[in-house]
>>> print(open('work-v3.pdb').read())   # PDB, N, CA and C atoms
ATOM      1  N   MET A1053       0.843  -1.186   0.000
ATOM      2  CA  MET A1053       0.000   0.000   0.000
ATOM      3  C   MET A1053       0.884   1.243   0.000
ATOM      4  N   GLU A1054       0.275   2.335  -0.410
ATOM      5  CA  GLU A1054       0.998   3.588  -0.456
ATOM      6  C   GLU A1054       1.003   4.260   0.907
ATOM      7  N   LYS A1055       2.017   5.085   1.106
ATOM      8  CA  LYS A1055       2.129   5.803   2.365
ATOM      9  C   LYS A1055       1.332   7.104   2.290
ATOM     10  N   ILE A1056       0.755   7.475   3.379
ATOM     11  CA  ILE A1056       0.059   8.756   3.504
ATOM     12  C   ILE A1056       1.090   9.774   3.964
ATOM     13  N   PRO A1057       1.257  10.857   3.181
ATOM     14  CA  PRO A1057       2.264  11.848   3.579
ATOM     15  C   PRO A1057       1.860  12.539   4.877
ATOM     16  N   GLU A1058       2.840  12.833   5.674
ATOM     17  CA  GLU A1058       2.583  13.477   6.941
ATOM     18  C   GLU A1058       2.918  14.969   6.882
ATOM     19  N   VAL A1059       2.559  15.604   5.787
ATOM     20  CA  VAL A1059       2.780  17.046   5.624
ATOM     21  C   VAL A1059       1.425  17.714   5.435
ATOM     22  N   SER A1060       1.424  18.991   5.679
ATOM     23  CA  SER A1060       0.194  19.755   5.535
ATOM     24  C   SER A1060      -0.162  19.888   4.050
ATOM     25  N   PRO A1061      -1.440  19.840   3.697
ATOM     26  CA  PRO A1061      -1.838  20.001   2.291
ATOM     27  C   PRO A1061      -1.450  21.365   1.722
ATOM     28  N   THR A1062      -1.250  22.359   2.588
ATOM     29  CA  THR A1062      -0.878  23.684   2.096
ATOM     30  C   THR A1062       0.516  23.684   1.481
ATOM     31  N   MET A1063       1.305  22.698   1.793
ATOM     32  CA  MET A1063       2.650  22.602   1.239
ATOM     33  C   MET A1063       2.602  22.362  -0.275
ATOM     34  N   PHE A1064       1.522  21.776  -0.786
ATOM     35  CA  PHE A1064       1.413  21.455  -2.199
ATOM     36  C   PHE A1064       0.872  22.615  -3.038
ATOM     37  N   PHE A1065       0.349  23.632  -2.394
ATOM     38  CA  PHE A1065      -0.226  24.765  -3.114
ATOM     39  C   PHE A1065       0.640  25.994  -2.914
ATOM     40  N   SER A1066       0.925  26.693  -4.016
ATOM     41  CA  SER A1066       1.792  27.868  -3.918
ATOM     42  C   SER A1066       1.038  29.085  -3.384
ATOM     43  N   GLU A1067      -0.256  29.187  -3.683
ATOM     44  CA  GLU A1067      -1.069  30.314  -3.219
ATOM     45  C   GLU A1067      -2.085  29.808  -2.205
ATOM     46  N   PRO A1068      -2.429  30.629  -1.238
ATOM     47  CA  PRO A1068      -3.471  30.206  -0.297
ATOM     48  C   PRO A1068      -4.815  30.103  -1.019
ATOM     49  N   VAL A1069      -5.570  29.129  -0.658
ATOM     50  CA  VAL A1069      -6.874  28.904  -1.280
ATOM     51  C   VAL A1069      -7.928  29.640  -0.475
ATOM     52  N   ALA A1070      -8.719  30.470  -1.169
ATOM     53  CA  ALA A1070      -9.765  31.230  -0.493
ATOM     54  C   ALA A1070     -10.983  30.338  -0.278
ATOM     55  N   PRO A1071     -11.627  30.482   0.843
ATOM     56  CA  PRO A1071     -12.861  29.728   1.065
ATOM     57  C   PRO A1071     -13.928  30.136   0.051
ATOM     58  N   ILE A1072     -14.856  29.267  -0.198
ATOM     59  CA  ILE A1072     -15.894  29.507  -1.205
ATOM     60  C   ILE A1072     -16.740  30.727  -0.855
ATOM     61  N   THR A1073     -16.919  31.014   0.430
ATOM     62  CA  THR A1073     -17.727  32.176   0.803
ATOM     63  C   THR A1073     -17.074  33.470   0.339
ATOM     64  N   GLU A1074     -15.747  33.535   0.401
ATOM     65  CA  GLU A1074     -15.058  34.734  -0.071
ATOM     66  C   GLU A1074     -15.220  34.884  -1.571
ATOM     67  N   LEU A1075     -15.163  33.797  -2.305
ATOM     68  CA  LEU A1075     -15.325  33.857  -3.756
ATOM     69  C   LEU A1075     -16.729  34.320  -4.134
ATOM     70  N   VAL A1076     -17.724  33.834  -3.420
ATOM     71  CA  VAL A1076     -19.105  34.239  -3.692
ATOM     72  C   VAL A1076     -19.287  35.716  -3.379
ATOM     73  N   GLU A1077     -18.730  36.175  -2.263
ATOM     74  CA  GLU A1077     -18.847  37.591  -1.900
ATOM     75  C   GLU A1077     -18.176  38.479  -2.934
ATOM     76  N   LYS A1078     -17.015  38.068  -3.438
ATOM     77  CA  LYS A1078     -16.319  38.853  -4.450
ATOM     78  C   LYS A1078     -17.137  38.936  -5.730
ATOM     79  N   SER A1079     -17.742  37.827  -6.146
ATOM     80  CA  SER A1079     -18.526  37.856  -7.376
ATOM     81  C   SER A1079     -19.787  38.696  -7.199
ATOM     82  N   MET A1080     -20.390  38.647  -6.012
ATOM     83  CA  MET A1080     -21.564  39.474  -5.750
ATOM     84  C   MET A1080     -21.163  40.943  -5.703
ATOM     85  N   HIS A1081     -20.016  41.231  -5.117
ATOM     86  CA  HIS A1081     -19.530  42.608  -5.030
ATOM     87  C   HIS A1081     -19.276  43.165  -6.424
ATOM     88  N   GLY A1082     -18.753  42.351  -7.305
ATOM     89  CA  GLY A1082     -18.500  42.772  -8.670
ATOM     90  C   GLY A1082     -19.784  43.107  -9.409
ATOM     91  N   SER A1083     -20.825  42.303  -9.216
ATOM     92  CA  SER A1083     -22.089  42.568  -9.893
ATOM     93  C   SER A1083     -22.762  43.810  -9.318
ATOM     94  N   ILE A1084     -22.584  44.053  -8.030
ATOM     95  CA  ILE A1084     -23.143  45.257  -7.418
ATOM     96  C   ILE A1084     -22.456  46.489  -7.995
ATOM     97  N   ASN A1085     -21.129  46.424  -8.149
ATOM     98  CA  ASN A1085     -20.399  47.548  -8.734
ATOM     99  C   ASN A1085     -20.845  47.805 -10.160
ATOM    100  N   THR A1086     -21.101  46.744 -10.918
ATOM    101  CA  THR A1086     -21.559  46.903 -12.298
ATOM    102  C   THR A1086     -22.917  47.577 -12.326
ATOM    103  N   GLU A1087     -23.833  47.132 -11.476
ATOM    104  CA  GLU A1087     -25.167  47.733 -11.420
ATOM    105  C   GLU A1087     -25.075  49.192 -10.987
ATOM    106  N   TYR A1088     -24.231  49.476 -10.018
ATOM    107  CA  TYR A1088     -24.061  50.838  -9.536
ATOM    108  C   TYR A1088     -23.535  51.726 -10.654
ATOM    109  N   SER A1089     -22.587  51.218 -11.424
ATOM    110  CA  SER A1089     -22.023  51.995 -12.530
ATOM    111  C   SER A1089     -23.087  52.307 -13.572
ATOM    112  N   GLU A1090     -23.943  51.330 -13.862
ATOM    113  CA  GLU A1090     -25.014  51.536 -14.839
ATOM    114  C   GLU A1090     -25.999  52.594 -14.347
ATOM    115  N   VAL A1091     -26.365  52.534 -13.077
ATOM    116  CA  VAL A1091     -27.303  53.499 -12.515
ATOM    117  C   VAL A1091     -26.671  54.885 -12.483
ATOM    118  N   LYS A1092     -25.398  54.949 -12.143
ATOM    119  CA  LYS A1092     -24.704  56.229 -12.096
ATOM    120  C   LYS A1092     -24.641  56.848 -13.494
ATOM    121  N   GLN A1093     -24.380  56.035 -14.513
ATOM    122  CA  GLN A1093     -24.330  56.535 -15.888
ATOM    123  C   GLN A1093     -25.709  57.028 -16.324
ATOM    124  N   ALA A1094     -26.762  56.307 -15.961
ATOM    125  CA  ALA A1094     -28.121  56.730 -16.303
ATOM    126  C   ALA A1094     -28.455  58.051 -15.614
ATOM    127  N   LEU A1095     -28.031  58.223 -14.389
ATOM    128  CA  LEU A1095     -28.268  59.470 -13.666
ATOM    129  C   LEU A1095     -27.561  60.633 -14.349
ATOM    130  N   MET A1096     -26.329  60.429 -14.780
ATOM    131  CA  MET A1096     -25.588  61.476 -15.473
ATOM    132  C   MET A1096     -26.288  61.853 -16.781
ATOM    133  N   SER A1097     -26.814  60.869 -17.495
ATOM    134  CA  SER A1097     -27.531  61.140 -18.739
ATOM    135  C   SER A1097     -28.791  61.959 -18.471
ATOM    136  N   CYS A1098     -29.500  61.630 -17.401
ATOM    137  CA  CYS A1098     -30.707  62.376 -17.041
ATOM    138  C   CYS A1098     -30.368  63.812 -16.660
ATOM    139  N   LYS A1099     -29.267  63.997 -15.954
ATOM    140  CA  LYS A1099     -28.862  65.351 -15.576
ATOM    141  C   LYS A1099     -28.525  66.182 -16.818
ATOM    142  N   GLU A1100     -27.845  65.565 -17.793
ATOM    143  CA  GLU A1100     -27.513  66.283 -19.026
ATOM    144  C   GLU A1100     -28.781  66.653 -19.797
ATOM    145  N   LEU A1101     -29.726  65.725 -19.866
ATOM    146  CA  LEU A1101     -30.987  65.986 -20.554
ATOM    147  C   LEU A1101     -31.758  67.093 -19.847
ATOM    148  N   ASN A1102     -31.772  67.070 -18.532
ATOM    149  CA  ASN A1102     -32.451  68.089 -17.750
ATOM    150  C   ASN A1102     -31.855  69.467 -18.023
ATOM    151  N   ALA A1103     -30.529  69.543 -18.058
ATOM    152  CA  ALA A1103     -29.859  70.820 -18.318
ATOM    153  C   ALA A1103     -30.186  71.324 -19.722
ATOM    154  N   ALA A1104     -30.223  70.419 -20.693
ATOM    155  CA  ALA A1104     -30.548  70.816 -22.068
ATOM    156  C   ALA A1104     -31.978  71.343 -22.157
ATOM    157  N   LEU A1105     -32.906  70.686 -21.508
ATOM    158  CA  LEU A1105     -34.302  71.122 -21.542
ATOM    159  C   LEU A1105     -34.489  72.465 -20.844
ATOM    160  N   ARG A1106     -33.794  72.667 -19.741
ATOM    161  CA  ARG A1106     -33.863  73.968 -19.059
ATOM    162  C   ARG A1106     -33.338  75.085 -19.964
ATOM    163  N   GLY A1107     -32.268  74.799 -20.689
ATOM    164  CA  GLY A1107     -31.726  75.767 -21.627
ATOM    165  C   GLY A1107     -32.721  76.102 -22.728
ATOM    166  N   GLN A1108     -33.447  75.107 -23.211
ATOM    167  CA  GLN A1108     -34.453  75.337 -24.250
ATOM    168  C   GLN A1108     -35.592  76.202 -23.724
ATOM    169  N   PHE A1109     -35.990  76.005 -22.474
ATOM    170  CA  PHE A1109     -37.045  76.840 -21.893
ATOM    171  C   PHE A1109     -36.600  78.294 -21.789
ATOM    172  N   LYS A1110     -35.346  78.505 -21.393
ATOM    173  CA  LYS A1110     -34.830  79.870 -21.307
ATOM    174  C   LYS A1110     -34.808  80.522 -22.682
ATOM    175  N   ASP A1111     -34.370  79.757 -23.694
ATOM    176  CA  ASP A1111     -34.351  80.288 -25.061
ATOM    177  C   ASP A1111     -35.767  80.598 -25.535
ATOM    178  N   GLN A1112     -36.715  79.764 -25.195
ATOM    179  CA  GLN A1112     -38.107  79.968 -25.592
ATOM    180  C   GLN A1112     -38.635  81.268 -24.984
ATOM    181  N   ASP A1113     -38.329  81.484 -23.723
ATOM    182  CA  ASP A1113     -38.785  82.714 -23.062
ATOM    183  C   ASP A1113     -38.168  83.945 -23.723
ATOM    184  N   LYS A1114     -36.894  83.877 -24.102
ATOM    185  CA  LYS A1114     -36.240  85.002 -24.767
ATOM    186  C   LYS A1114     -36.872  85.277 -26.127
ATOM    187  N   ILE A1115     -37.162  84.225 -26.870
ATOM    188  CA  ILE A1115     -37.776  84.385 -28.201
ATOM    189  C   ILE A1115     -39.161  85.011 -28.065
ATOM    190  N   ILE A1116     -39.940  84.553 -27.115
ATOM    191  CA  ILE A1116     -41.282  85.107 -26.918
ATOM    192  C   ILE A1116     -41.189  86.574 -26.520
ATOM    193  N   ALA A1117     -40.230  86.919 -25.662
ATOM    194  CA  ALA A1117     -40.057  88.301 -25.259
ATOM    195  C   ALA A1117     -39.665  89.179 -26.440
ATOM    196  N   LEU A1118     -38.784  88.707 -27.298
ATOM    197  CA  LEU A1118     -38.372  89.481 -28.470
ATOM    198  C   LEU A1118     -39.530  89.654 -29.459
ATOM    199  N   LEU A1119     -40.318  88.624 -29.647
ATOM    200  CA  LEU A1119     -41.458  88.704 -30.560
ATOM    201  C   LEU A1119     -42.528  89.649 -30.030
ATOM    202  N   SER A1120     -42.731  89.648 -28.743
ATOM    203  CA  SER A1120     -43.758  90.511 -28.167
ATOM    204  C   SER A1120     -43.327  91.980 -28.211
ATOM    205  N   LYS A1121     -42.039  92.278 -28.221
ATOM    206  CA  LYS A1121     -41.544  93.651 -28.321
ATOM    207  C   LYS A1121     -41.813  94.211 -29.716
ATOM    208  N   ASN A1122     -41.713  93.377 -30.715
ATOM    209  CA  ASN A1122     -41.887  93.814 -32.092
ATOM    210  C   ASN A1122     -43.357  94.102 -32.423
ATOM    211  N   GLN A1123     -44.273  93.615 -31.702
ATOM    212  CA  GLN A1123     -45.687  93.794 -32.040
ATOM    213  C   GLN A1123     -46.246  95.043 -31.491
TER
END
>>> encode(input="work-v3.pdb", output="structure tokens")
Amino acid sequence: MEKIPEVSPTMFFSEPVAPITELVEKSMHGSINTEYSEVKQALMSCKELNAALRGQFKDQDKIIALLSKNQ
């Protein structure tokens, strides 16, 4: 029969092995960051659209004021 080595199993691995719970947490953390990035990008797009629409309202008011002066 073969002999059972009397050394620690960590001796055979060059890097420490992370428990499965740490791997699951890391993968969940990564997906949360991705979702957060998507929401943050959508918020920035909404802010840009809001600023553009506000600018159009100001321009509209100026045009109406100029037209009413001419009449």
>>> atom_distance(input="work-v3.pdb", atom1="CA of Lys1099 in chain A", atom2="CA of Asn1085 in chain A")
20.9 Å
>>> atom_distance(input="work-v3.pdb", atom1="atom C of Val1091 in chain A", atom2="atom C of Gly1107 in chain A")
24.3 Å
>>> atom_distance(input="work-v3.pdb", atom1="atom C of Lys1114 in chain A", atom2="CA of Cys1098 in chain A")
25.4 Å
>>> decode(input="work-v3.pdb", residues="range 1085-1098 of chain A", atoms="N, CA and C atoms", output="CSV table (one decimal), in the first residue's frame")
chain,number,residue,atom,x,y,z
A,1085,ASN,N,-21.1,46.4,-8.1
A,1085,ASN,CA,-20.4,47.5,-8.7
A,1085,ASN,C,-20.8,47.8,-10.2
A,1086,THR,N,-21.1,46.7,-10.9
A,1086,THR,CA,-21.6,46.9,-12.3
A,1086,THR,C,-22.9,47.6,-12.3
A,1087,GLU,N,-23.8,47.1,-11.5
A,1087,GLU,CA,-25.2,47.7,-11.4
A,1087,GLU,C,-25.1,49.2,-11.0
A,1088,TYR,N,-24.2,49.5,-10.0
A,1088,TYR,CA,-24.1,50.8,-9.5
A,1088,TYR,C,-23.5,51.7,-10.7
A,1089,SER,N,-22.6,51.2,-11.4
A,1089,SER,CA,-22.0,52.0,-12.5
A,1089,SER,C,-23.1,52.3,-13.6
A,1090,GLU,N,-23.9,51.3,-13.9
A,1090,GLU,CA,-25.0,51.5,-14.8
A,1090,GLU,C,-26.0,52.6,-14.3
A,1091,VAL,N,-26.4,52.5,-13.1
A,1091,VAL,CA,-27.3,53.5,-12.5
A,1091,VAL,C,-26.7,54.9,-12.5
A,1092,LYS,N,-25.4,54.9,-12.1
A,1092,LYS,CA,-24.7,56.2,-12.1
A,1092,LYS,C,-24.6,56.8,-13.5
A,1093,GLN,N,-24.4,56.0,-14.5
A,1093,GLN,CA,-24.3,56.5,-15.9
A,1093,GLN,C,-25.7,57.0,-16.3
A,1094,ALA,N,-26.8,56.3,-16.0
A,1094,ALA,CA,-28.1,56.7,-16.3
A,1094,ALA,C,-28.5,58.1,-15.6
A,1095,LEU,N,-28.0,58.2,-14.4
A,1095,LEU,CA,-28.3,59.5,-13.7
A,1095,LEU,C,-27.6,60.6,-14.3
A,1096,MET,N,-26.3,60.4,-14.8
A,1096,MET,CA,-25.6,61.5,-15.5
A,1096,MET,C,-26.3,61.9,-16.8
A,1097,SER,N,-26.8,60.9,-17.5
A,1097,SER,CA,-27.5,61.1,-18.7
A,1097,SER,C,-28.8,62.0,-18.5
A,1098,CYS,N,-29.5,61.6,-17.4
A,1098,CYS,CA,-30.7,62.4,-17.0
A,1098,CYS,C,-30.4,63.8,-16.7
